[in-house]
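Trainee: This is the content of start_33.tsv (TSV, C-alpha atoms):
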chain	number	residue	atom	x	y	z
A	1	MET	CA	17.90	-3.81	71.82
A	2	ALA	CA	14.69	-3.58	73.77
A	3	LEU	CA	12.82	-6.70	72.79
A	4	ARG	CA	9.85	-7.67	74.90
A	5	THR	CA	11.99	-10.39	76.44
A	6	ASP	CA	15.60	-9.76	77.49
A	7	TRP	CA	17.70	-12.59	76.07
A	8	SER	CA	21.07	-10.93	76.51
A	9	ASP	CA	22.04	-13.25	79.35
A	10	ARG	CA	20.68	-16.55	77.98
A	11	ALA	CA	23.00	-19.54	77.89
A	12	CYS	CA	22.20	-20.13	74.19
A	13	PRO	CA	24.18	-17.99	71.72
A	14	ILE	CA	21.24	-18.04	69.28
A	15	ALA	CA	19.09	-16.31	71.91
A	16	ARG	CA	21.86	-13.82	72.77
A	17	SER	CA	22.21	-12.99	69.06
A	18	LEU	CA	18.47	-12.53	68.70
A	19	ASP	CA	18.58	-10.03	71.55
A	20	VAL	CA	20.58	-7.82	69.16
A	21	LEU	CA	19.82	-9.12	65.64
A	22	GLY	CA	16.24	-10.30	66.20
A	23	ASP	CA	14.72	-7.10	64.91
A	24	PRO	CA	13.87	-7.17	61.18
A	25	TRP	CA	14.47	-3.45	60.66
A	26	SER	CA	17.98	-3.74	62.11
A	27	LEU	CA	18.87	-6.46	59.59
A	28	LEU	CA	17.57	-4.35	56.71
A	29	ILE	CA	19.57	-1.38	57.98
A	30	LEU	CA	22.67	-3.61	58.01
A	31	ARG	CA	21.86	-4.63	54.42
A	32	GLU	CA	21.87	-0.96	53.41
A	33	VAL	CA	25.15	-0.19	55.19
A	34	PHE	CA	26.79	-3.22	53.52
A	35	LEU	CA	25.61	-1.78	50.18
A	36	GLY	CA	27.39	1.48	50.95
A	37	ASN	CA	24.43	3.53	52.14
A	38	HIS	CA	25.76	5.17	55.27
A	39	ARG	CA	23.50	8.17	55.84
A	40	PHE	CA	20.19	8.55	57.62
A	41	ASP	CA	18.32	10.11	54.70
A	42	THR	CA	19.49	7.51	52.17
A	43	ILE	CA	18.68	4.60	54.45
A	44	ARG	CA	15.26	6.08	55.26
A	45	ASP	CA	14.39	6.58	51.61
A	46	ARG	CA	15.55	3.11	50.57
A	47	LEU	CA	13.74	1.33	53.41
A	48	ASP	CA	10.65	3.54	53.22
A	49	VAL	CA	10.68	3.71	57.01
A	50	ALA	CA	9.48	6.44	59.39
A	51	ASP	CA	12.14	8.78	60.83
A	52	THR	CA	11.26	7.80	64.40
A	53	VAL	CA	11.54	4.06	63.68
A	54	LEU	CA	14.87	4.45	61.90
A	55	SER	CA	16.27	6.80	64.52
A	56	ARG	CA	15.38	4.40	67.33
A	57	ARG	CA	16.92	1.44	65.51
A	58	LEU	CA	20.14	3.30	64.66
A	59	ASN	CA	20.56	4.39	68.27
A	60	ALA	CA	20.09	0.81	69.47
A	61	MET	CA	22.52	-0.50	66.85
A	62	VAL	CA	25.18	2.00	67.92
A	63	GLU	CA	24.59	1.07	71.57
A	64	ASP	CA	24.82	-2.64	70.68
A	65	GLU	CA	28.08	-1.93	68.83
A	66	LEU	CA	26.87	-3.06	65.41
A	67	LEU	CA	27.40	0.42	63.94
A	68	ASN	CA	29.74	3.35	64.47
A	69	ARG	CA	28.27	6.83	64.28
A	70	VAL	CA	30.71	9.30	62.72
A	71	ALA	CA	29.97	13.01	62.28
A	72	TYR	CA	30.65	14.35	58.81
A	73	ALA	CA	31.55	17.88	57.85
A	74	GLY	CA	29.89	20.24	55.44
A	75	ALA	CA	26.36	20.16	56.76
A	76	ALA	CA	24.60	23.08	58.44
A	77	ARG	CA	23.85	20.95	61.51
A	78	PRO	CA	25.69	17.85	62.75
A	79	ARG	CA	25.06	14.87	60.46
A	80	TYR	CA	26.37	11.37	60.75
A	81	ASP	CA	27.70	8.49	58.75
A	82	TYR	CA	26.96	5.01	60.01
A	83	THR	CA	29.70	2.47	59.42
A	84	LEU	CA	30.05	-1.18	60.38
A	85	THR	CA	31.88	-2.28	63.49
A	86	ASP	CA	33.57	-5.69	63.56
A	87	ALA	CA	30.38	-7.11	65.07
A	88	GLY	CA	28.33	-5.50	62.30
A	89	ARG	CA	30.65	-6.89	59.63
A	90	ASP	CA	30.37	-10.34	61.18
A	91	ALA	CA	26.59	-10.31	60.79
A	92	LEU	CA	27.04	-10.83	57.03
A	93	PRO	CA	26.42	-14.62	57.17
A	94	VAL	CA	23.07	-13.97	58.89
A	95	LEU	CA	22.00	-11.76	55.95
A	96	HIS	CA	23.32	-14.33	53.48
A	97	ALA	CA	21.53	-17.22	55.19
A	98	LEU	CA	18.28	-15.23	55.08
A	99	ALA	CA	18.85	-14.29	51.43
A	100	ARG	CA	19.43	-17.90	50.47
A	101	TRP	CA	16.31	-19.09	52.34
A	102	GLY	CA	14.18	-16.39	50.72
A	103	THR	CA	15.56	-17.13	47.26
A	104	THR	CA	14.66	-20.81	47.65
A	105	HIS	CA	11.41	-20.69	49.60
A	106	ARG	CA	9.88	-17.37	48.55
A	107	PRO	CA	11.30	-17.20	45.01
A	108	ARG	CA	10.98	-14.18	42.75
A	109	THR	CA	12.88	-12.91	39.75
A	110	PRO	CA	15.31	-11.33	39.33
A	111	ARG	CA	17.04	-13.25	42.07
A	112	MET	CA	19.78	-11.98	44.33
A	113	LYS	CA	23.26	-13.32	43.61
A	114	ILE	CA	26.04	-13.50	46.21
A	115	SER	CA	29.54	-13.67	44.71
A	116	CYS	CA	33.06	-14.08	45.97
A	117	THR	CA	35.27	-11.35	44.52
A	118	THR	CA	38.41	-13.39	45.22
A	119	CYS	CA	37.50	-15.88	42.46
A	120	GLY	CA	34.49	-14.22	40.84
A	121	GLN	CA	32.17	-17.18	41.35
A	122	GLU	CA	28.68	-17.23	42.85
A	123	SER	CA	28.73	-18.65	46.36
A	124	LEU	CA	26.52	-21.53	47.42
A	125	SER	CA	27.21	-20.87	51.10
A	126	ALA	CA	26.34	-18.09	53.53
A	127	ASP	CA	29.89	-17.60	54.75
A	128	TRP	CA	32.29	-19.57	52.61
A	129	CYS	CA	33.15	-19.49	48.92
A	130	SER	CA	32.18	-22.90	47.61
A	131	THR	CA	34.64	-22.49	44.71
A	132	CYS	CA	37.87	-21.05	46.15
A	133	GLN	CA	37.22	-21.81	49.85
A	134	ALA	CA	37.74	-18.23	51.01
A	135	ALA	CA	35.73	-17.10	54.02
A	136	LEU	CA	33.16	-14.59	52.73
A	137	THR	CA	33.54	-11.21	54.40
A	138	VAL	CA	32.65	-7.65	53.56
A	139	ASP	CA	36.06	-7.39	51.87
A	140	ASN	CA	35.56	-10.10	49.26
A	141	THR	CA	31.80	-10.28	48.70
A	142	ALA	CA	29.62	-8.67	46.04
A	143	TRP	CA	25.86	-8.69	45.61
A	144	ARG	CA	23.75	-8.46	42.53
A	145	THR	CA	20.48	-7.27	44.04
A	146	PRO	CA	16.99	-7.44	42.48
A	147	ALA	CA	16.80	-3.62	42.72
A	148	ARG	CA	19.90	-3.23	40.50
A	149	PRO	CA	19.93	-6.48	38.53
A	150	LYS	CA	22.52	-5.37	35.96
A	151	GLU	CA	25.08	-4.25	38.50
A	152	THR	CA	27.29	-6.17	40.89
A	153	VAL	CA	27.97	-4.14	44.03
A	154	ALA	CA	31.10	-4.86	46.06
A	155	LEU	CA	30.18	-4.63	49.75
A	156	SER	CA	31.76	-2.03	52.01
A	157	SER	CA	31.93	-1.41	55.70
A	158	SER	CA	32.64	2.32	55.58
B	159	MET	CA	3.63	-13.86	59.95
B	160	ALA	CA	1.92	-10.63	60.96
B	161	LEU	CA	4.81	-8.24	61.35
B	162	ARG	CA	3.94	-4.58	61.53
B	163	THR	CA	5.13	-4.22	57.95
B	164	ASP	CA	4.26	-6.77	55.27
B	165	TRP	CA	7.49	-7.68	53.47
B	166	SER	CA	6.19	-10.82	51.76
B	167	ASP	CA	6.19	-9.17	48.34
B	168	ARG	CA	9.45	-7.20	48.54
B	169	ALA	CA	11.97	-7.61	45.74
B	170	CYS	CA	14.75	-8.41	48.23
B	171	PRO	CA	14.89	-12.03	49.42
B	172	ILE	CA	16.28	-10.91	52.80
B	173	ALA	CA	13.10	-8.90	53.38
B	174	ARG	CA	10.89	-11.76	52.19
B	175	SER	CA	12.68	-14.11	54.60
B	176	LEU	CA	12.28	-11.66	57.46
B	177	ASP	CA	8.55	-11.61	56.80
B	178	VAL	CA	8.58	-15.27	57.95
B	179	LEU	CA	11.79	-15.69	59.99
B	180	GLY	CA	12.05	-12.17	61.44
B	181	ASP	CA	10.36	-13.12	64.67
B	182	PRO	CA	12.79	-14.14	67.44
B	183	TRP	CA	10.36	-16.58	69.07
B	184	SER	CA	9.90	-18.43	65.79
B	185	LEU	CA	13.65	-18.98	65.49
B	186	LEU	CA	13.85	-20.30	69.06
B	187	ILE	CA	10.91	-22.62	68.33
B	188	LEU	CA	12.81	-23.90	65.29
B	189	ARG	CA	15.86	-24.46	67.54
B	190	GLU	CA	13.75	-26.66	69.82
B	191	VAL	CA	12.26	-28.67	66.96
B	192	PHE	CA	15.76	-29.25	65.52
B	193	LEU	CA	16.74	-30.55	68.97
B	194	GLY	CA	13.91	-33.09	68.83
B	195	ASN	CA	11.37	-31.25	70.98
B	196	HIS	CA	8.19	-31.62	68.97
B	197	ARG	CA	5.39	-31.07	71.45
B	198	PHE	CA	3.69	-27.91	72.69
B	199	ASP	CA	4.26	-28.56	76.40
B	200	THR	CA	7.95	-29.40	75.99
B	201	ILE	CA	8.62	-26.35	73.79
B	202	ARG	CA	6.71	-24.09	76.20
B	203	ASP	CA	8.65	-25.34	79.22
B	204	ARG	CA	12.02	-25.07	77.51
B	205	LEU	CA	11.39	-21.57	76.15
B	206	ASP	CA	9.60	-20.36	79.28
B	207	VAL	CA	7.01	-18.73	77.04
B	208	ALA	CA	3.33	-18.00	77.62
B	209	ASP	CA	0.82	-20.45	76.09
B	210	THR	CA	-0.84	-17.72	74.04
B	211	VAL	CA	2.47	-16.50	72.58
B	212	LEU	CA	3.59	-20.01	71.68
B	213	SER	CA	0.22	-20.97	70.25
B	214	ARG	CA	0.12	-17.90	68.01
B	215	ARG	CA	3.66	-18.48	66.77
B	216	LEU	CA	3.08	-22.19	66.06
B	217	ASN	CA	-0.07	-21.38	64.09
B	218	ALA	CA	1.81	-18.80	62.03
B	219	MET	CA	4.70	-21.21	61.43
B	220	VAL	CA	2.31	-23.92	60.20
B	221	GLU	CA	0.60	-21.36	57.95
B	222	ASP	CA	4.00	-20.20	56.64
B	223	GLU	CA	4.91	-23.86	55.96
B	224	LEU	CA	7.90	-23.96	58.32
B	225	LEU	CA	6.28	-26.67	60.46
B	226	ASN	CA	3.90	-29.58	59.95
B	227	ARG	CA	1.25	-30.19	62.62
B	228	VAL	CA	0.59	-33.91	63.11
B	229	ALA	CA	-1.98	-35.29	65.56
B	230	TYR	CA	-0.69	-38.03	67.84
B	231	ALA	CA	-2.66	-40.81	69.45
B	232	GLY	CA	-2.97	-41.74	73.11
B	233	ALA	CA	-4.02	-38.41	74.55
B	234	ALA	CA	-7.45	-37.68	76.03
B	235	ARG	CA	-7.90	-34.71	73.67
B	236	PRO	CA	-6.26	-34.08	70.29
B	237	ARG	CA	-2.54	-33.28	70.71
B	238	TYR	CA	-0.01	-32.48	68.07
B	239	ASP	CA	3.58	-33.06	67.11
B	240	TYR	CA	5.33	-30.27	65.24
B	241	THR	CA	7.84	-31.43	62.63
B	242	LEU	CA	9.99	-29.54	60.16
B	243	THR	CA	8.94	-29.00	56.58
B	244	ASP	CA	11.60	-28.65	53.88
B	245	ALA	CA	11.45	-24.88	54.38
B	246	GLY	CA	11.88	-25.34	58.14
B	247	ARG	CA	14.85	-27.67	57.64
B	248	ASP	CA	16.42	-25.14	55.27
B	249	ALA	CA	16.37	-22.47	57.99
B	250	LEU	CA	19.24	-24.30	59.74
B	251	PRO	CA	21.97	-21.96	58.33
B	252	VAL	CA	20.09	-18.96	59.77
B	253	LEU	CA	20.27	-20.52	63.24
B	254	HIS	CA	23.91	-21.46	62.73
B	255	ALA	CA	24.85	-17.96	61.54
B	256	LEU	CA	23.17	-16.48	64.62
B	257	ALA	CA	24.86	-19.02	66.90
B	258	ARG	CA	28.26	-18.21	65.46
B	259	TRP	CA	27.71	-14.45	65.79
B	260	GLY	CA	26.55	-14.83	69.40
B	261	THR	CA	29.47	-17.11	70.26
B	262	THR	CA	31.93	-14.53	68.92
B	263	HIS	CA	30.34	-11.23	69.91
B	264	ARG	CA	28.38	-12.11	73.06
B	265	PRO	CA	30.66	-14.88	74.36
B	266	ARG	CA	29.84	-17.08	77.33
B	267	THR	CA	30.97	-20.48	78.49
B	268	PRO	CA	30.23	-23.25	77.90
B	269	ARG	CA	30.04	-22.40	74.23
B	270	MET	CA	27.82	-24.05	71.65
B	271	LYS	CA	29.55	-26.40	69.24
B	272	ILE	CA	28.21	-27.22	65.76
B	273	SER	CA	29.58	-30.48	64.33
B	274	CYS	CA	29.33	-32.38	61.07
B	275	THR	CA	28.38	-35.99	61.78
B	276	THR	CA	29.72	-37.09	58.39
B	277	CYS	CA	33.33	-36.50	59.51
B	278	GLY	CA	32.88	-35.73	63.20
B	279	GLN	CA	34.62	-32.36	63.06
B	280	GLU	CA	33.43	-29.02	64.38
B	281	SER	CA	32.22	-26.77	61.57
B	282	LEU	CA	33.53	-23.27	61.06
B	283	SER	CA	30.69	-22.42	58.68
B	284	ALA	CA	26.94	-21.95	59.03
B	285	ASP	CA	26.04	-24.31	56.21
B	286	TRP	CA	29.11	-26.18	55.05
B	287	CYS	CA	31.53	-28.56	56.77
B	288	SER	CA	34.88	-26.84	56.64
B	289	THR	CA	36.64	-30.20	56.99
B	290	CYS	CA	34.85	-32.66	54.66
B	291	GLN	CA	32.99	-30.12	52.49
B	292	ALA	CA	29.57	-31.67	53.09
B	293	ALA	CA	26.60	-29.30	53.08
B	294	LEU	CA	25.36	-29.13	56.68
B	295	THR	CA	21.74	-30.23	56.96
B	296	VAL	CA	19.52	-31.61	59.68
B	297	ASP	CA	20.69	-35.09	58.60
B	298	ASN	CA	24.41	-34.62	59.28
B	299	THR	CA	24.61	-31.95	61.99
B	300	ALA	CA	24.95	-32.28	65.75
B	301	TRP	CA	24.96	-29.61	68.44
B	302	ARG	CA	26.63	-29.53	71.81
B	303	THR	CA	24.51	-26.92	73.54
B	304	PRO	CA	25.38	-24.92	76.67
B	305	ALA	CA	22.33	-26.43	78.39
B	306	ARG	CA	23.73	-29.98	77.93
B	307	PRO	CA	27.47	-29.39	77.60
B	308	LYS	CA	28.48	-33.05	77.99
B	309	GLU	CA	26.18	-34.34	75.31
B	310	THR	CA	26.24	-34.02	71.52
B	311	VAL	CA	22.71	-34.05	70.11
B	312	ALA	CA	22.16	-35.15	66.51
B	313	LEU	CA	19.52	-32.89	64.98
B	314	SER	CA	16.21	-34.29	63.76
B	315	SER	CA	13.36	-33.01	61.67
B	316	SER	CA	10.65	-35.36	62.99
Would you give me this structure, written as structure tokens?
Mentor:
Amino acid sequence: MALRTDWSDRACPIARSLDVLGDPWSLLILREVFLGNHRFDTIRDRLDVADTVLSRRLNAMVEDELLNRVAYAGAARPRYDYTLTDAGRDALPVLHALARWGTTHRPRTPRMKISCTTCGQESLSADWCSTCQAALTVDNTAWRTPARPKETVALSSS
Amino acid sequence: MALRTDWSDRACPIARSLDVLGDPWSLLILREVFLGNHRFDTIRDRLDVADTVLSRRLNAMVEDELLNRVAYAGAARPRYDYTLTDAGRDALPVLHALARWGTTHRPRTPRMKISCTTCGQESLSADWCSTCQAALTVDNTAWRTPARPKETVALSSS
């Protein structure tokens, strides 16, 4: 990702992460892909973002190996699905840590709820189920988001 | 924080967090304050950042209530210490989640180690001691950073 400063070779892993994950749009794009929104038009409409901005971010995220770009059939011209790579999946705790900070320090209702689908309980951690001790991954996490407060959405990587 | 897009009033707590924490420099400044570096000159030298950039970020972080600015005596002109507010302290899991992602997906040696000082064990979570189950906060967390690989530094908020 072309930040003003290149941190890809810094000794500190926080700085190396920020070289890839330090762009707010990229984290919101990851949020959408976790929620099962894999196509350009859907992501654009949900984020209310300009085509050029989204296109640039998606290209960078594919190059940084956060997302896979997969052509899908049935469209007049080539169209793509964006799915999570292992590195993209592993960014989930970053989103959760941000969600928990925002819920506490910039509160609004309805609030977002992060649940473990292994035991069904709300998690009090970014990456660990505080009830059943399972590591929270895309495979056992569900969100109740403020946009759809009556629905619990199981996350998906593809 | 003046991002290009104002996300302070978004329904999603991830977006509201990114409005404040979505700037990479701000997260690296928080890293330094957690490590006990509270003064402008020290933070500037460690981050290798321009005075104007650092000054603008520190002002925004005080305004966003991530940092307190406290004048200290003994200098010819007014000088300040920057200490963590409750909101700043609570950003620790965001830094830990980034550190863990970077350690896994952009690996380098020596690696950063996050430990719980309650039990002395390395943590496998961003916000929770996977050994003794304590919530990881500034008061019971230590880092062994790549910059000082032989030393374990207990975090501090002031």
Trainee: Within 9 Å of chain B, which residues of chain A show up when using all atoms listed in the file, listed as a PDB file with C-alpha atoms, in the coordinates of the input?
Mentor:
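File written: result-v8.pdb
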ATOM      1  CA  SER A   8      21.070 -10.930  76.510  1.00  0.00           C
ATOM      2  CA  ASP A   9      22.040 -13.250  79.350  1.00  0.00           C
ATOM      3  CA  ALA A  11      23.000 -19.540  77.890  1.00  0.00           C
ATOM      4  CA  CYS A  12      22.200 -20.130  74.190  1.00  0.00           C
ATOM      5  CA  PRO A  13      24.180 -17.990  71.720  1.00  0.00           C
ATOM      6  CA  ILE A  14      21.240 -18.040  69.280  1.00  0.00           C
ATOM      7  CA  ALA A  15      19.090 -16.310  71.910  1.00  0.00           C
ATOM      8  CA  ARG A  16      21.860 -13.820  72.770  1.00  0.00           C
ATOM      9  CA  SER A  17      22.210 -12.990  69.060  1.00  0.00           C
ATOM     10  CA  LEU A  18      18.470 -12.530  68.700  1.00  0.00           C
ATOM     11  CA  ASP A  19      18.580 -10.030  71.550  1.00  0.00           C
ATOM     12  CA  LEU A  21      19.820  -9.120  65.640  1.00  0.00           C
ATOM     13  CA  GLY A  22      16.240 -10.300  66.200  1.00  0.00           C
ATOM     14  CA  ASP A  23      14.720  -7.100  64.910  1.00  0.00           C
ATOM     15  CA  PRO A  24      13.870  -7.170  61.180  1.00  0.00           C
ATOM     16  CA  LEU A  27      18.870  -6.460  59.590  1.00  0.00           C
ATOM     17  CA  LEU A  28      17.570  -4.350  56.710  1.00  0.00           C
ATOM     18  CA  ARG A  31      21.860  -4.630  54.420  1.00  0.00           C
ATOM     19  CA  ALA A  87      30.380  -7.110  65.070  1.00  0.00           C
ATOM     20  CA  ASP A  90      30.370 -10.340  61.180  1.00  0.00           C
ATOM     21  CA  ALA A  91      26.590 -10.310  60.790  1.00  0.00           C
ATOM     22  CA  LEU A  92      27.040 -10.830  57.030  1.00  0.00           C
ATOM     23  CA  PRO A  93      26.420 -14.620  57.170  1.00  0.00           C
ATOM     24  CA  VAL A  94      23.070 -13.970  58.890  1.00  0.00           C
ATOM     25  CA  LEU A  95      22.000 -11.760  55.950  1.00  0.00           C
ATOM     26  CA  HIS A  96      23.320 -14.330  53.480  1.00  0.00           C
ATOM     27  CA  ALA A  97      21.530 -17.220  55.190  1.00  0.00           C
ATOM     28  CA  LEU A  98      18.280 -15.230  55.080  1.00  0.00           C
ATOM     29  CA  ALA A  99      18.850 -14.290  51.430  1.00  0.00           C
ATOM     30  CA  ARG A 100      19.430 -17.900  50.470  1.00  0.00           C
ATOM     31  CA  TRP A 101      16.310 -19.090  52.340  1.00  0.00           C
ATOM     32  CA  GLY A 102      14.180 -16.390  50.720  1.00  0.00           C
ATOM     33  CA  THR A 103      15.560 -17.130  47.260  1.00  0.00           C
ATOM     34  CA  THR A 104      14.660 -20.810  47.650  1.00  0.00           C
ATOM     35  CA  HIS A 105      11.410 -20.690  49.600  1.00  0.00           C
ATOM     36  CA  ARG A 106       9.880 -17.370  48.550  1.00  0.00           C
ATOM     37  CA  PRO A 107      11.300 -17.200  45.010  1.00  0.00           C
ATOM     38  CA  ARG A 108      10.980 -14.180  42.750  1.00  0.00           C
ATOM     39  CA  THR A 109      12.880 -12.910  39.750  1.00  0.00           C
ATOM     40  CA  PRO A 110      15.310 -11.330  39.330  1.00  0.00           C
ATOM     41  CA  ARG A 111      17.040 -13.250  42.070  1.00  0.00           C
ATOM     42  CA  MET A 112      19.780 -11.980  44.330  1.00  0.00           C
ATOM     43  CA  SER A 125      27.210 -20.870  51.100  1.00  0.00           C
ATOM     44  CA  ALA A 126      26.340 -18.090  53.530  1.00  0.00           C
ATOM     45  CA  ASP A 127      29.890 -17.600  54.750  1.00  0.00           C
ATOM     46  CA  TRP A 128      32.290 -19.570  52.610  1.00  0.00           C
ATOM     47  CA  SER A 130      32.180 -22.900  47.610  1.00  0.00           C
ATOM     48  CA  GLN A 133      37.220 -21.810  49.850  1.00  0.00           C
ATOM     49  CA  ALA A 135      35.730 -17.100  54.020  1.00  0.00           C
ATOM     50  CA  THR A 145      20.480  -7.270  44.040  1.00  0.00           C
ATOM     51  CA  PRO A 146      16.990  -7.440  42.480  1.00  0.00           C
ATOM     52  CA  ALA A 147      16.800  -3.620  42.720  1.00  0.00           C
TER      53      ALA A 147
END
Trainee: Using all atoms listed in the file, which of the listed residues (A:Ser158, A:Thr117, A:Thr141, A:Ala134) sits closest to Thr85 of chain A?
Mentor: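 Once distances to Thr85 of chain A are computed over all atoms listed in the file, the minimum belongs to A:Ser158.
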Trainee: Using all atoms listed in the file, find the one residue out of B:Asn217, B:Val296, B:Asp239, B:Lys271 that sits nearest to Thr200 of chain B.
Mentor: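 Among the listed residues, B:Asp239 lies closest to Thr200 of chain B.
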Trainee: As an exercise, work out the distance from atom CA of Leu54 of chain A to atom CA of Arg77 of chain A in Å and give it to one decimal place.
Mentor: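 Atom-to-atom, atom CA of Leu54 of chain A to atom CA of Arg77 of chain A, that is 18.8 Å.
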Trainee: Any idea what the distance is between atom CA of Arg204 of chain B and atom CA of Val311 of chain B?
Mentor: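 Atom-to-atom, atom CA of Arg204 of chain B and atom CA of Val311 of chain B are spaced 15.8 Å apart.
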